[in-house]
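J.: Got a structure for you, written out below as structure tokens; questions coming shortly.
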Amino acid sequence: MAAVRSDRIGPPTGLHERRVLAWLHATAGDALAGRVVWCAAALDGGHAAGRRLREHLHDDLEVVPLAVEATEPPAELARQLEAMLAGVPSPRPLGAAARTEYVHGAELAEPALGGRVQPGDVVVLHDSFTVSFAAALRDRGAHAIWHLRRRSGSRSPCVRAAIDFLDRGGGGAVDAVVIDERQSSNREGQITAFLPAARLLDIREVSLGGDAARGDRVALAWTSLLGDIVEEDRADHVGGTIQVRPVVAAR
């Protein structure tokens, strides 16, 4: 059973809330100091997601785009998987031939990465093509994070089939899966990370109010999650236990 860690990030209403937000920011900064955060993408949707994340994080971290050429035939399959994640049924079965195509995408990882990604760096994989690079990134000592964007309001069979295929084809090698979604009120968002090795579900509830600090709250949600991932993804936990947040933030 996974442990659950949760923080709410909204406009502070008192001294305690301000201290908690300052503590989240400081601990994330310590964990990510000296690391480059790469936004890896090959497809249009992935490039757009990477740009949005860089806009949020550029003031706090060294965030760099990692553009990967969408080489065929795995690129066609990756676009099909992206459509399935958006709720569009697959025009063809995801059988042995599809798995062979996807493995070919993973074989392209090494030349695509070149000498840029270094041990300890954080690589956010923004689309179905780059997810296949997860094992190669981990072999380099980098932290591989699958950014699974919520694009369908339903848990349709095609969404589950695409996630299962990606999990078997590359997603299973990631250090964490991050899902961001907007709640039905459209004023609340949630960014959640699942760390398989630590058996941890790490949640940030974010107020998306229209004030000037909205972008700062989204940035803090992402940086604090990335900091937690770097600290926890390969740590040993006796019995799978994760310590909870302090009730009162450090002064």
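Every chain in the structure tokens takes a letter, A first, then B, and so on in the order presented; its residues are numbered from 1, and the ligands are numbered from 1 following the presented order.
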Would you pick out the contacts of Ala83 in chain A at 9 Å or less, using only C-alpha atoms, so that residues sharing its chain but fewer than 6 positions from it are not included, and give the list as a list in words?

T.: Pro89, Ser90 and Val159 of chain A

J.: Any chance you could export the current selection's all heavy atoms as an mmCIF file, in the first residue's frame?

T.:
```cif
data_model
loop_
_atom_site.group_PDB
_atom_site.id
_atom_site.type_symbol
_atom_site.label_atom_id
_atom_site.label_comp_id
_atom_site.auth_asym_id
_atom_site.auth_seq_id
_atom_site.Cartn_x
_atom_site.Cartn_y
_atom_site.Cartn_z
ATOM 1 N N PRO A 89 -10.326 6.151 -29.689
ATOM 2 C CA PRO A 89 -10.024 4.716 -29.823
ATOM 3 C C PRO A 89 -8.956 4.461 -30.878
ATOM 4 O O PRO A 89 -8.830 5.186 -31.865
ATOM 5 C CB PRO A 89 -11.377 4.109 -30.240
ATOM 6 C CG PRO A 89 -12.395 5.082 -29.746
ATOM 7 C CD PRO A 89 -11.759 6.438 -29.879
ATOM 8 N N SER A 90 -8.172 3.411 -30.663
ATOM 9 C CA SER A 90 -7.081 3.075 -31.566
ATOM 10 C C SER A 90 -7.613 2.479 -32.869
ATOM 11 O O SER A 90 -8.511 1.641 -32.851
ATOM 12 C CB SER A 90 -6.146 2.067 -30.899
ATOM 13 O OG SER A 90 -5.194 1.592 -31.819
ATOM 14 N N VAL A 159 -7.879 4.785 -23.041
ATOM 15 C CA VAL A 159 -6.921 5.471 -22.172
ATOM 16 C C VAL A 159 -6.166 4.444 -21.341
ATOM 17 O O VAL A 159 -4.931 4.488 -21.239
ATOM 18 C CB VAL A 159 -7.639 6.483 -21.252
ATOM 19 C CG1 VAL A 159 -6.656 7.088 -20.249
ATOM 20 C CG2 VAL A 159 -8.294 7.587 -22.078
#
```

J.: So that I can see what lies close to Gln80 in chain A, please list as a PyMOL selection string the residues with an atom at most 10 Å from it, counting only C-alpha atoms and leaving out residues fewer than 2 positions away in the same chain.

T.: chain A and resi 74-78+82-86+88-92+94+128+162

J.: Which residue out of A:Arg204, A:Arg168, A:Arg116, A:His126 has the minimum interatomic distance to Leu43 in chain A when only C-alpha atoms are used?

T.: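 Of A:Arg204, A:Arg168, A:Arg116, A:His126, the one nearest Leu43 in chain A is A:His126, counting only C-alpha atoms.
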
J.: With only C-alpha atoms counted and 10 Å as the cut-off, give the residues of range 1-112 of chain A in contact with range 132-148 of chain A, each with its shortest interatomic distance in Å and the pair that gives it, as a tab-separated table.

T.:
```
residue	atom	partner	partner_atom	distance
A:Arg35	CA	A:Ala142	CA	9.7
A:Val36	CA	A:Ala142	CA	9.9
A:Val37	CA	A:His143	CA	9.4
A:Trp38	CA	A:Ala144	CA	9.7
A:Cys39	CA	A:His147	CA	9.7
A:Ala40	CA	A:Phe133	CA	9.6
A:Gly46	CA	A:His147	CA	9.1
A:Ala49	CA	A:His147	CA	8.9
A:Gly50	CA	A:His147	CA	9.5
A:Pro74	CA	A:Ser132	CA	9.8
A:Ala78	CA	A:Ser132	CA	9.7
A:Leu85	CA	A:Leu148	CA	9.0
A:Tyr102	CA	A:Ser132	CA	7.2
A:Val103	CA	A:Ser132	CA	7.5
A:His104	CA	A:Ser132	CA	9.0
A:Gly105	CA	A:Ser132	CA	6.4
A:Ala106	CA	A:Ser132	CA	4.9
A:Glu107	CA	A:Phe133	CA	8.3
A:Leu108	CA	A:Phe133	CA	8.2
A:Ala109	CA	A:Phe133	CA	5.4
A:Glu110	CA	A:Ala136	CA	6.9
A:Ala112	CA	A:Phe133	CA	9.5
```

J.: Kindly indicate which residue among A:Ala161, A:Ala221, A:Ile191, A:Val174 lies nearest to His56 in chain A, using only C-alpha atoms for the distances.

T.: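 Closest to His56 in chain A, using only C-alpha atoms: A:Ala221.
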
J.: Could you go through range 30-246 of chain A and tell me which residues DSSP, when run on the backbone, assigns to alpha helix (DSSP H), listing them as an NGL selection string?

T.: :A and (30-32 or 44-57 or 74-85 or 96-107 or 109-113 or 134-139 or 157-169 or 214-232)

J.: Leaving out Arg199 in chain A and any residue of its chain fewer than 4 positions from it, which residues lie within 8 Å of it when counting only C-alpha atoms, given as a CSV table (one decimal) with N, CA and C atoms, in the first residue's frame?

T.:
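The file below, result_37.csv, is the result:
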```
chain,number,residue,atom,x,y,z
A,1,MET,N,0.8,-1.2,0.0
A,1,MET,CA,0.0,0.0,0.0
A,1,MET,C,0.9,1.2,0.0
A,2,ALA,N,0.6,2.2,-0.9
A,2,ALA,CA,1.4,3.4,-1.0
A,2,ALA,C,1.1,4.4,0.2
A,3,ALA,N,2.1,5.1,0.6
A,3,ALA,CA,2.0,6.2,1.6
A,3,ALA,C,1.5,7.4,0.8
A,194,PHE,N,3.5,9.9,-8.5
A,194,PHE,CA,3.6,8.6,-7.9
A,194,PHE,C,5.0,8.1,-8.1
A,195,LEU,N,5.7,7.7,-7.0
A,195,LEU,CA,7.0,7.2,-7.0
A,195,LEU,C,7.0,5.7,-6.7
A,240,GLY,N,8.7,0.3,3.8
A,240,GLY,CA,8.0,1.1,2.8
A,240,GLY,C,7.4,2.4,3.5
```

J.: Counting only C-alpha atoms, figure out which residue out of A:His58, A:Arg19, A:Arg5, A:His47 gets nearest to Val124 in chain A.

T.: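 For Val124 in chain A, the nearest of the candidates is A:His47.
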
J.: Fewer than 3 positions away in the same chain doesn't count, so skip those; otherwise give me all residues within 10 Å of Asp216 in chain A, counting only C-alpha atoms, as a PyMOL selection string.

T.: chain A and resi 9-10+56-57+59-60+212-213+219-222

J.: Atoms to include: N, CA and C atoms. Write the selected residues as a short mmCIF file (atom, residue, chain, number, x, y, z; two decimals), in the first residue's frame.

T.:
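Okay, this is what ended up in part.cif:
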```
data_model
loop_
_atom_site.label_atom_id
_atom_site.label_comp_id
_atom_site.auth_asym_id
_atom_site.auth_seq_id
_atom_site.Cartn_x
_atom_site.Cartn_y
_atom_site.Cartn_z
N ILE A 9 -1.39 24.36 -1.73
CA ILE A 9 -0.67 25.59 -2.05
C ILE A 9 -1.68 26.63 -2.52
N GLY A 10 -1.94 27.58 -1.67
CA GLY A 10 -2.89 28.64 -1.99
C GLY A 10 -2.41 29.96 -1.43
N HIS A 56 6.83 28.26 -16.17
CA HIS A 56 6.57 28.26 -14.73
C HIS A 56 7.85 28.22 -13.91
N LEU A 57 8.85 27.48 -14.38
CA LEU A 57 10.00 27.15 -13.54
C LEU A 57 11.25 27.98 -13.81
N ASP A 59 12.28 30.90 -13.36
CA ASP A 59 12.80 31.82 -12.35
C ASP A 59 13.49 31.09 -11.20
N ASP A 60 13.15 29.82 -11.01
CA ASP A 60 13.66 29.09 -9.84
C ASP A 60 14.73 28.06 -10.17
N ALA A 212 -2.24 37.61 -9.18
CA ALA A 212 -0.92 37.68 -9.83
C ALA A 212 0.01 36.56 -9.41
N ALA A 213 -0.24 35.94 -8.25
CA ALA A 213 0.66 34.91 -7.73
C ALA A 213 0.28 33.50 -8.18
N ALA A 219 4.33 26.96 -9.95
CA ALA A 219 5.78 26.70 -9.95
C ALA A 219 6.21 26.02 -8.66
N LEU A 220 5.68 26.47 -7.51
CA LEU A 220 6.04 25.86 -6.24
C LEU A 220 5.55 24.42 -6.17
N ALA A 221 4.36 24.16 -6.70
CA ALA A 221 3.85 22.78 -6.71
C ALA A 221 4.80 21.86 -7.48
N TRP A 222 5.22 22.31 -8.66
CA TRP A 222 6.12 21.49 -9.48
C TRP A 222 7.51 21.36 -8.83
#
```
